[in-house]
>>> print(open('target.cif').read())   # mmCIF, C-alpha atoms and all ligand atoms
data_upload
#
loop_
_atom_site.label_atom_id
_atom_site.label_comp_id
_atom_site.auth_asym_id
_atom_site.auth_seq_id
_atom_site.Cartn_x
_atom_site.Cartn_y
_atom_site.Cartn_z
CA MET G 1 0.00 0.00 0.00
CA SER G 2 1.20 3.45 -0.78
CA ARG G 3 0.06 5.51 2.21
CA SER G 4 -0.46 8.57 0.06
CA GLN G 5 -3.25 6.84 -1.91
CA VAL G 6 -5.57 6.87 1.16
CA THR G 7 -7.14 10.30 1.31
CA ASN G 8 -10.03 9.55 3.71
CA TYR G 9 -9.69 7.78 7.03
CA LEU G 10 -13.16 7.57 8.57
CA ARG G 11 -14.19 6.63 12.10
CA PRO G 12 -17.90 5.80 12.17
CA SER G 13 -19.56 5.32 15.54
CA THR G 14 -22.24 2.77 14.56
CA PRO G 15 -22.38 -0.25 12.21
CA GLU G 16 -25.19 1.54 10.32
CA GLU G 17 -22.91 4.52 9.65
CA ALA G 18 -19.98 2.27 8.68
CA LEU G 19 -22.09 0.32 6.19
CA SER G 20 -23.47 3.48 4.67
CA LEU G 21 -19.93 4.91 4.28
CA LEU G 22 -18.77 1.72 2.60
CA ARG G 23 -21.71 1.68 0.22
CA ASP G 24 -21.15 5.36 -0.62
CA GLY G 25 -17.46 4.70 -1.29
CA GLY G 26 -18.05 1.63 -3.49
CA LYS G 27 -14.82 0.03 -4.73
CA SER G 28 -12.71 2.88 -3.39
CA ALA G 29 -13.67 2.16 0.26
CA ARG G 30 -12.65 -0.64 2.58
CA TYR G 31 -13.19 -1.56 6.22
CA VAL G 32 -10.16 -1.80 8.45
CA GLY G 33 -9.88 -3.62 11.78
CA GLY G 34 -6.33 -3.92 13.11
CA GLY G 35 -4.96 -3.30 9.60
CA ALA G 36 -2.47 -6.21 9.59
CA ASP G 37 -3.78 -7.39 6.22
CA VAL G 38 -5.07 -4.10 4.89
CA ALA G 39 -1.64 -2.50 5.27
CA ARG G 40 -0.11 -5.22 3.11
CA THR G 41 -2.80 -5.87 0.54
CA LEU G 42 -4.61 -2.64 -0.25
CA SER G 43 -5.31 -2.37 -3.96
CA SER G 44 -4.46 0.88 -5.73
CA ASP G 45 -8.11 1.91 -6.25
CA VAL G 46 -8.83 2.10 -2.48
CA THR G 47 -8.72 5.69 -1.23
CA THR G 48 -11.03 5.48 1.80
CA LEU G 49 -10.52 3.40 4.92
CA ILE G 50 -13.39 2.91 7.36
CA ASP G 51 -12.01 2.13 10.79
CA LEU G 52 -14.26 -0.38 12.57
CA CYS G 53 -12.29 -0.01 15.81
CA SER G 54 -14.29 3.18 16.47
CA LEU G 55 -17.51 1.10 16.79
CA ASN G 56 -17.01 0.21 20.45
CA LEU G 57 -17.10 -3.52 19.72
CA SER G 58 -14.06 -4.66 21.66
CA SER G 59 -15.64 -6.11 24.80
CA ILE G 60 -15.50 -9.79 25.74
CA GLU G 61 -18.44 -10.95 27.86
CA GLU G 62 -19.48 -14.18 29.48
CA ARG G 63 -23.21 -14.62 28.82
CA PRO G 64 -25.58 -17.55 29.50
CA ASP G 65 -25.21 -18.84 25.92
CA GLY G 66 -21.44 -18.45 25.73
CA THR G 67 -18.49 -16.11 25.57
CA VAL G 68 -19.22 -13.21 23.25
CA ILE G 69 -16.10 -11.68 21.72
CA GLY G 70 -16.58 -8.26 20.11
CA ALA G 71 -15.19 -7.99 16.59
CA THR G 72 -12.56 -5.39 17.38
CA ALA G 73 -11.09 -7.22 20.38
CA THR G 74 -7.46 -7.90 19.51
CA LEU G 75 -6.07 -11.42 19.48
CA ASN G 76 -4.13 -10.54 22.64
CA ASP G 77 -7.35 -9.30 24.32
CA VAL G 78 -8.79 -12.74 23.55
CA LEU G 79 -5.66 -14.56 24.72
CA GLU G 80 -5.66 -12.74 28.06
CA ASN G 81 -9.38 -12.94 28.82
CA LYS G 82 -10.54 -15.02 31.81
CA SER G 83 -13.85 -16.15 30.25
CA VAL G 84 -12.05 -17.27 27.11
CA ALA G 85 -9.60 -19.22 29.28
CA LYS G 86 -12.49 -21.32 30.61
CA VAL G 87 -13.52 -22.61 27.17
CA CYS G 88 -12.66 -26.31 26.87
CA GLY G 89 -9.76 -26.19 29.31
CA GLY G 90 -8.10 -23.15 27.74
CA VAL G 91 -7.80 -24.41 24.16
CA ILE G 92 -8.39 -20.94 22.62
CA VAL G 93 -5.58 -19.47 24.70
CA GLU G 94 -3.30 -22.33 23.64
CA MET G 95 -4.12 -21.74 19.96
CA MET G 96 -3.79 -17.92 20.18
CA ARG G 97 -0.25 -18.25 21.54
CA LYS G 98 0.63 -19.86 18.20
CA VAL G 99 -0.83 -17.08 16.04
CA GLY G 100 1.99 -14.93 14.65
CA SER G 101 3.95 -12.91 17.19
CA PRO G 102 2.85 -10.89 20.26
CA LEU G 103 3.24 -7.74 18.12
CA LEU G 104 0.86 -9.09 15.49
CA ARG G 105 -1.62 -10.17 18.16
CA ASN G 106 -1.58 -6.66 19.61
CA ILE G 107 -2.99 -5.19 16.40
CA ALA G 108 -4.95 -7.97 14.66
CA THR G 109 -8.63 -8.12 15.63
CA ILE G 110 -10.80 -11.20 15.88
CA GLY G 111 -13.22 -9.68 13.33
CA GLY G 112 -10.45 -9.02 10.82
CA THR G 113 -9.10 -12.52 11.38
CA LEU G 114 -12.43 -14.21 10.64
CA ALA G 115 -13.32 -11.81 7.81
CA SER G 116 -10.01 -12.23 6.00
CA ALA G 117 -10.64 -16.00 5.91
CA HIS G 118 -7.04 -17.02 5.28
CA SER G 119 -6.75 -20.66 4.31
CA TRP G 120 -3.95 -21.09 6.86
CA SER G 121 -5.80 -19.32 9.70
CA ASP G 122 -5.25 -21.00 13.06
CA VAL G 123 -8.39 -19.42 14.49
CA ILE G 124 -10.86 -20.74 11.91
CA PRO G 125 -10.41 -24.54 12.39
CA LEU G 126 -10.62 -24.21 16.18
CA PHE G 127 -13.65 -21.91 16.07
CA LEU G 128 -15.34 -24.33 13.63
CA VAL G 129 -14.98 -27.25 16.02
CA LEU G 130 -16.09 -25.12 18.96
CA ASP G 131 -19.28 -24.41 16.98
CA ALA G 132 -18.74 -20.64 16.99
CA ARG G 133 -21.54 -18.36 15.80
CA VAL G 134 -20.91 -15.02 14.14
CA SER G 135 -23.01 -11.89 14.41
CA LEU G 136 -23.16 -9.77 11.27
CA TYR G 137 -24.64 -6.50 10.12
CA ASP G 138 -25.45 -5.88 6.47
CA GLY G 139 -28.47 -3.64 6.84
CA GLU G 140 -29.98 -6.20 9.20
CA TYR G 141 -28.48 -7.89 12.20
CA GLN G 142 -28.17 -11.66 11.92
CA THR G 143 -26.36 -14.53 13.59
CA LEU G 144 -25.17 -17.64 11.83
CA ALA G 145 -22.82 -20.55 12.37
CA LEU G 146 -19.25 -19.75 11.34
CA ALA G 147 -19.34 -22.83 9.11
CA ASP G 148 -22.37 -21.43 7.25
CA LEU G 149 -20.62 -18.12 6.70
CA TYR G 150 -17.77 -19.84 4.90
CA ARG G 151 -20.07 -22.23 3.06
CA SER G 152 -21.73 -19.33 1.30
CA ARG G 153 -18.70 -17.11 0.75
CA GLU G 154 -15.03 -16.99 1.54
CA GLU G 155 -14.69 -13.23 1.62
CA PHE G 156 -16.82 -10.44 2.94
CA THR G 157 -18.20 -7.74 0.70
CA ASP G 158 -20.01 -5.15 2.79
CA GLN G 159 -21.06 -7.24 5.81
CA ILE G 160 -19.67 -6.11 9.15
CA LEU G 161 -18.77 -8.86 11.53
CA THR G 162 -19.76 -7.48 14.93
CA ALA G 163 -19.05 -10.40 17.28
CA VAL G 164 -18.31 -14.09 17.58
CA THR G 165 -19.88 -16.29 20.26
CA ILE G 166 -18.25 -19.43 21.60
CA PRO G 167 -20.83 -21.72 23.25
CA VAL G 168 -20.54 -22.55 26.93
CA THR G 169 -18.36 -25.52 27.82
CA VAL G 170 -20.18 -28.32 29.67
CA PRO G 171 -18.69 -31.24 31.63
CA GLY G 172 -17.46 -33.87 29.16
CA ASP G 173 -16.32 -31.27 26.58
CA TYR G 174 -12.69 -31.53 25.48
CA ALA G 175 -10.72 -29.86 22.72
CA ALA G 176 -7.18 -29.72 21.37
CA PHE G 177 -5.33 -27.79 18.66
CA GLN G 178 -2.17 -28.58 16.73
CA LYS G 179 -0.21 -26.37 14.35
CA PHE G 180 2.68 -27.36 12.10
CA SER G 181 4.88 -24.52 10.89
CA ARG G 182 8.51 -24.04 9.94
CA THR G 183 9.19 -21.52 12.70
CA ALA G 184 7.28 -20.44 15.80
CA TYR G 185 6.06 -17.19 14.16
CA ASP G 186 5.36 -18.65 10.72
CA ILE G 187 1.93 -19.41 9.31
CA ALA G 188 0.78 -23.02 9.33
CA LEU G 189 1.85 -25.66 6.84
CA LEU G 190 -1.25 -27.34 8.24
CA ASN G 191 -3.23 -27.10 11.44
CA CYS G 192 -5.98 -29.14 12.98
CA ALA G 193 -8.47 -28.88 15.82
CA CYS G 194 -10.55 -31.52 17.57
CA TYR G 195 -13.53 -31.19 19.89
CA LEU G 196 -15.13 -34.22 21.56
CA HIS G 197 -17.94 -34.62 24.02
CA VAL G 198 -17.16 -37.72 26.06
CA ASP G 199 -20.00 -39.36 27.92
CA GLY G 200 -19.50 -42.57 29.93
CA GLY G 201 -16.06 -42.96 28.32
CA ARG G 202 -17.44 -42.80 24.76
CA CYS G 203 -17.37 -39.97 22.20
CA SER G 204 -21.01 -38.99 21.86
CA GLU G 205 -20.22 -35.98 19.70
CA GLY G 206 -17.15 -34.93 17.77
CA ARG G 207 -16.07 -32.11 15.49
CA ILE G 208 -12.70 -32.29 13.75
CA ALA G 209 -11.29 -29.69 11.35
CA ALA G 210 -8.11 -29.01 9.41
CA GLY G 211 -6.81 -25.83 7.77
CA GLY G 212 -3.89 -24.86 5.59
CA THR G 213 -4.37 -28.02 3.57
CA PRO G 214 -3.77 -25.51 1.71
CA HIS G 215 -7.50 -24.76 1.50
CA LEU G 216 -9.62 -22.84 4.01
CA GLY G 217 -10.20 -24.75 7.27
CA VAL G 218 -13.11 -27.21 7.07
CA ARG G 219 -14.64 -29.96 9.18
CA LEU G 220 -13.63 -33.53 8.40
CA PRO G 221 -16.95 -35.45 8.54
CA GLU G 222 -15.42 -38.89 7.85
CA VAL G 223 -13.12 -38.55 10.85
CA GLU G 224 -16.01 -37.37 13.00
CA ALA G 225 -18.02 -40.43 11.91
CA ALA G 226 -15.10 -42.75 12.69
CA LEU G 227 -15.02 -41.48 16.28
CA ARG G 228 -18.75 -41.48 17.00
CA GLY G 229 -19.58 -43.91 19.83
CA GLU G 230 -15.93 -44.95 20.24
CA THR G 231 -13.81 -44.97 23.38
CA LEU G 232 -10.50 -43.14 22.96
CA SER G 233 -8.24 -46.20 22.68
CA GLU G 234 -4.95 -46.52 20.76
CA ALA G 235 -6.88 -48.40 18.06
CA SER G 236 -9.68 -45.85 17.64
CA ILE G 237 -7.19 -42.94 17.62
CA GLU G 238 -5.01 -44.68 15.03
CA ASN G 239 -8.07 -45.43 12.91
CA ALA G 240 -9.31 -41.82 13.07
CA ALA G 241 -5.85 -40.52 12.11
CA HIS G 242 -5.75 -42.90 9.13
CA VAL G 243 -9.21 -41.77 8.03
CA ALA G 244 -7.97 -38.16 8.24
CA ARG G 245 -5.00 -38.98 6.03
CA ASP G 246 -7.13 -40.89 3.52
CA THR G 247 -10.03 -38.43 3.24
CA THR G 248 -8.60 -34.92 3.75
CA GLN G 249 -8.23 -33.03 0.50
CA THR G 250 -4.71 -31.68 0.36
CA ALA G 251 -2.71 -30.04 -2.42
CA ASP G 252 0.79 -28.75 -3.19
CA ASP G 253 1.78 -25.12 -2.80
CA ARG G 254 5.11 -23.37 -2.36
CA ARG G 255 5.17 -24.27 1.35
CA ALA G 256 4.52 -28.02 1.26
CA SER G 257 3.40 -30.88 -0.94
CA GLY G 258 -0.06 -32.41 -0.73
CA GLY G 259 1.56 -35.71 0.27
CA TYR G 260 3.41 -34.12 3.18
CA ARG G 261 0.20 -32.44 4.27
CA LYS G 262 -1.48 -35.87 4.38
CA ASP G 263 1.20 -36.98 6.83
CA LEU G 264 0.66 -33.78 8.84
CA VAL G 265 -3.10 -34.22 9.11
CA TYR G 266 -2.53 -37.83 10.25
CA ALA G 267 -0.05 -36.63 12.90
CA GLY G 268 -2.19 -33.65 13.91
CA VAL G 269 -5.38 -35.63 14.47
CA LYS G 270 -3.45 -38.30 16.33
CA HIS G 271 -1.73 -35.73 18.54
CA CYS G 272 -4.99 -33.91 19.34
CA LEU G 273 -6.84 -37.13 20.17
CA HIS G 274 -4.00 -38.35 22.41
CA GLU G 275 -4.05 -35.00 24.18
CA ILE G 276 -7.81 -35.28 24.74
CA ALA G 277 -7.49 -38.92 25.88
CA GLY G 278 -4.95 -37.75 28.47
CA LYS G 279 -7.35 -35.05 29.70
CA VAL G 280 -10.25 -37.55 29.90
CA LYS G 281 -8.13 -39.90 32.06
CA ALA G 282 -6.88 -37.07 34.34
C1 LIG G 301 3.19 -11.11 9.86
C2 LIG G 301 1.87 -11.84 10.01
C3 LIG G 301 1.85 -13.09 10.61
C4 LIG G 301 0.65 -13.77 10.75
N1 LIG G 301 0.64 -14.99 11.37
C5 LIG G 301 -0.53 -15.64 11.54
C6 LIG G 301 -0.57 -16.93 12.17
O1 LIG G 301 0.43 -17.49 12.59
N2 LIG G 301 -1.78 -17.53 12.28
C7 LIG G 301 -2.94 -16.96 11.85
O2 LIG G 301 -4.01 -17.55 12.00
N3 LIG G 301 -2.92 -15.75 11.25
C8 LIG G 301 -1.76 -15.09 11.08
N4 LIG G 301 -1.74 -13.88 10.46
C9 LIG G 301 -3.01 -13.36 9.92
C10 LIG G 301 -3.54 -12.39 10.81
O3 LIG G 301 -4.09 -13.02 11.96
C11 LIG G 301 -4.61 -11.64 10.05
O4 LIG G 301 -3.99 -11.01 9.00
C12 LIG G 301 -5.20 -10.65 10.95
O5 LIG G 301 -5.78 -11.36 11.97
C13 LIG G 301 -6.16 -9.71 10.30
O6 LIG G 301 -6.80 -8.98 11.33
P1 LIG G 301 -6.89 -7.40 11.26
O7 LIG G 301 -7.78 -6.96 12.34
O8 LIG G 301 -5.53 -6.80 11.21
O9 LIG G 301 -7.61 -7.28 9.85
P2 LIG G 301 -7.53 -6.09 8.77
O10 LIG G 301 -6.21 -6.10 8.09
O11 LIG G 301 -7.93 -4.82 9.42
O12 LIG G 301 -8.69 -6.56 7.80
C14 LIG G 301 -8.59 -7.79 7.10
C15 LIG G 301 -9.80 -7.87 6.14
O13 LIG G 301 -11.00 -8.03 6.88
C16 LIG G 301 -11.89 -6.92 6.67
N5 LIG G 301 -12.42 -6.64 8.01
C17 LIG G 301 -11.71 -6.31 9.13
N6 LIG G 301 -12.52 -6.29 10.20
C18 LIG G 301 -13.77 -6.62 9.74
C19 LIG G 301 -15.04 -6.78 10.38
N7 LIG G 301 -15.20 -6.62 11.70
N8 LIG G 301 -16.09 -7.10 9.60
C20 LIG G 301 -15.96 -7.30 8.26
N9 LIG G 301 -14.79 -7.17 7.61
C21 LIG G 301 -13.71 -6.83 8.35
C22 LIG G 301 -11.04 -5.81 6.07
O14 LIG G 301 -11.78 -4.99 5.21
C23 LIG G 301 -10.01 -6.62 5.29
O15 LIG G 301 -10.56 -7.03 4.06
C24 LIG G 301 -0.56 -13.18 10.28
C25 LIG G 301 -0.54 -11.92 9.66
C26 LIG G 301 0.66 -11.24 9.53
C27 LIG G 301 0.66 -9.89 8.88
#
>>> encode(input="target.cif", output="structure tokens")
Amino acid sequence: MSRSQVTNYLRPSTPEEALSLLRDGGKSARYVGGGADVARTLSSDVTTLIDLCSLNLSSIEERPDGTVIGATATLNDVLENKSVAKVCGGVIVEMMRKVGSPLLRNIATIGGTLASAHSWSDVIPLFLVLDARVSLYDGEYQTLALADLYRSREEFTDQILTAVTIPVTVPGDYAAFQKFSRTAYDIALLNCACYLHVDGGRCSEGRIAAGGTPHLGVRLPEVEAALRGETLSEASIENAAHVARDTTQTADDRRASGGYRKDLVYAGVKHCLHEIAGKVKA
């Protein structure tokens, strides 16, 4: 981005005002959250930035239906929040520590992270398995499952993501996250997240997802089916990891081959399930 190309930097105070400014600006206007992506990827026709951080949407609240994270909360706000730390034994905190560097997490917002929908996002696979719901404004307020948002579109146009809600953790809920990258601050070669509800020693519900395959993070229904009703034994974990390797769609890119990614998804699912098995026994 050439800084001189941006001639208007606007700070609306409501989502209604922000949407109207974006619609007025057309292709020359763009929302900005923390700006980590916008600063690197702004196309030359954008002359107006609409700062969503002025919308007063940065609170994180524990409500009866879950933890509601405002869109402009930074990734470090999320990492340091006590309600977030209670979700599935602290799995969100564990994952956030692996997102970029502390400097990046100080500026990147949760809204910008979900809206930018990077295929290698560490947040998306974990939020998919935690059954996160997103609140949006596009002239009307609506809430939908994060998975549905990405099913219909991979990028936002004029919708404003206002919050994301992570459902309450109940006894028997367990989750784990695994990221493979070349260095601690690098983006993922592949990542995976597992959530299981264990009842009477058996998995009564499971959601498993992988990202950076190198496609956008998605659930792995065949692996979920392989775990349904199973106890977490060496055999069932090995079987689920094999199913992940056999059924996950991977491809080559400049970071890794599709074949290597198959090995990573096998190792990632196995690691996550072992971690959960350890927590169930504890
Ligand atoms: C050096 C570096 C390292 C990184 N490492 C990792 C990593 O290890 N793991 C990982 O998962 N990610 C990583 N990222 C990605 C990073 O998390 C995202 O780029 C960042 O979260 C974007 O958030 P932001 O608030 O800065 O978004 P912005 O740059 O402000 O916006 C990104 C996009 O989303 C739109 N937008 C922003 N907020 C909203 C909203 N509330 N509603 C609708 N649209 C909105 C903007 O218009 C823009 O199109 C890295 C990024 C960088 C630059």
>>> residues_near_ligand(input="target.cif", ligand="ligand LIG 301 (chain G)", cutoff="7 Å", atoms="all atoms listed in the file", output="PyMOL selection string")
chain G and resi 30-39+52+71-72+98-101+104+107-113+115-116+120-123+156+159-162+185-188
>>> atom_distance(input="target.cif", atom1="CA of Arg228 in chain G", atom2="CA of Pro171 in chain G")
17.9 Å
>>> closest_residue(input="target.cif", among="G:Pro64, G:Pro221, G:Gly211, G:Gly200", to="Pro125 in chain G", atoms="all atoms listed in the file")
G:Gly211
>>> closest_residue(input="target.cif", among="G:Gly217, G:Gly259, G:Gly90, G:Gly201", to="Ala147 in chain G", atoms="all atoms listed in the file")
G:Gly217
>>> atom_distance(input="target.cif", atom1="CA of Lys270 in chain G", atom2="CA of Ala145 in chain G")
26.6 Å
>>> residues_near_point(input="target.cif", point="(-14.8, -28.3, 4.6)", cutoff="10 Å", atoms="only C-alpha atoms", output="ChimeraX atom specification")
/G:125,128,147,150-151,209-211,215-221,248-249
>>> closest_residue(input="target.cif", among="G:Ala256, G:Val68, G:Leu42, G:Val129", to="Glu224 in chain G", atoms="only C-alpha atoms")
G:Val129
>>> closest_residue(input="target.cif", among="G:Val164, G:Ile276, G:Val46, G:Leu21", to="Glu61 in chain G", atoms="all atoms listed in the file")
G:Val164
>>> closest_residue(input="target.cif", among="G:Leu114, G:Leu22, G:Ala163, G:Ile208", to="Ser58 in chain G", atoms="all atoms listed in the file")
G:Ala163
>>> residues_around(input="target.cif", residues="Lys86 in chain G", least_positions_apart="6", cutoff="10 Å", atoms="all atoms listed in the file", output="count of residues only")
5
>>> closest_residue(input="target.cif", among="G:Val84, G:Val280, G:Leu144, G:Ala241", to="Arg63 in chain G", atoms="all atoms listed in the file")
G:Val84
>>> residues_around(input="target.cif", residues="Met95 in chain G", least_positions_apart="6", cutoff="9 Å", atoms="only C-alpha atoms", output="list in words")
Leu79, Asp122, Val123, Leu126, Ala176, Phe177, Gln178 and Lys179 of chain G
>>> atom_distance(input="target.cif", atom1="CA of Leu232 in chain G", atom2="CA of Val170 in chain G")
18.9 Å
>>> residues_near_point(input="target.cif", point="(-22.9, -37.2, 28.4)", cutoff="12 Å", atoms="only C-alpha atoms", output="list in words")
Val170, Pro171, Gly172, Asp173, Leu196, His197, Val198, Asp199, Gly200, Gly201, Arg202, Cys203, Ser204, Glu205 and Gly229 of chain G
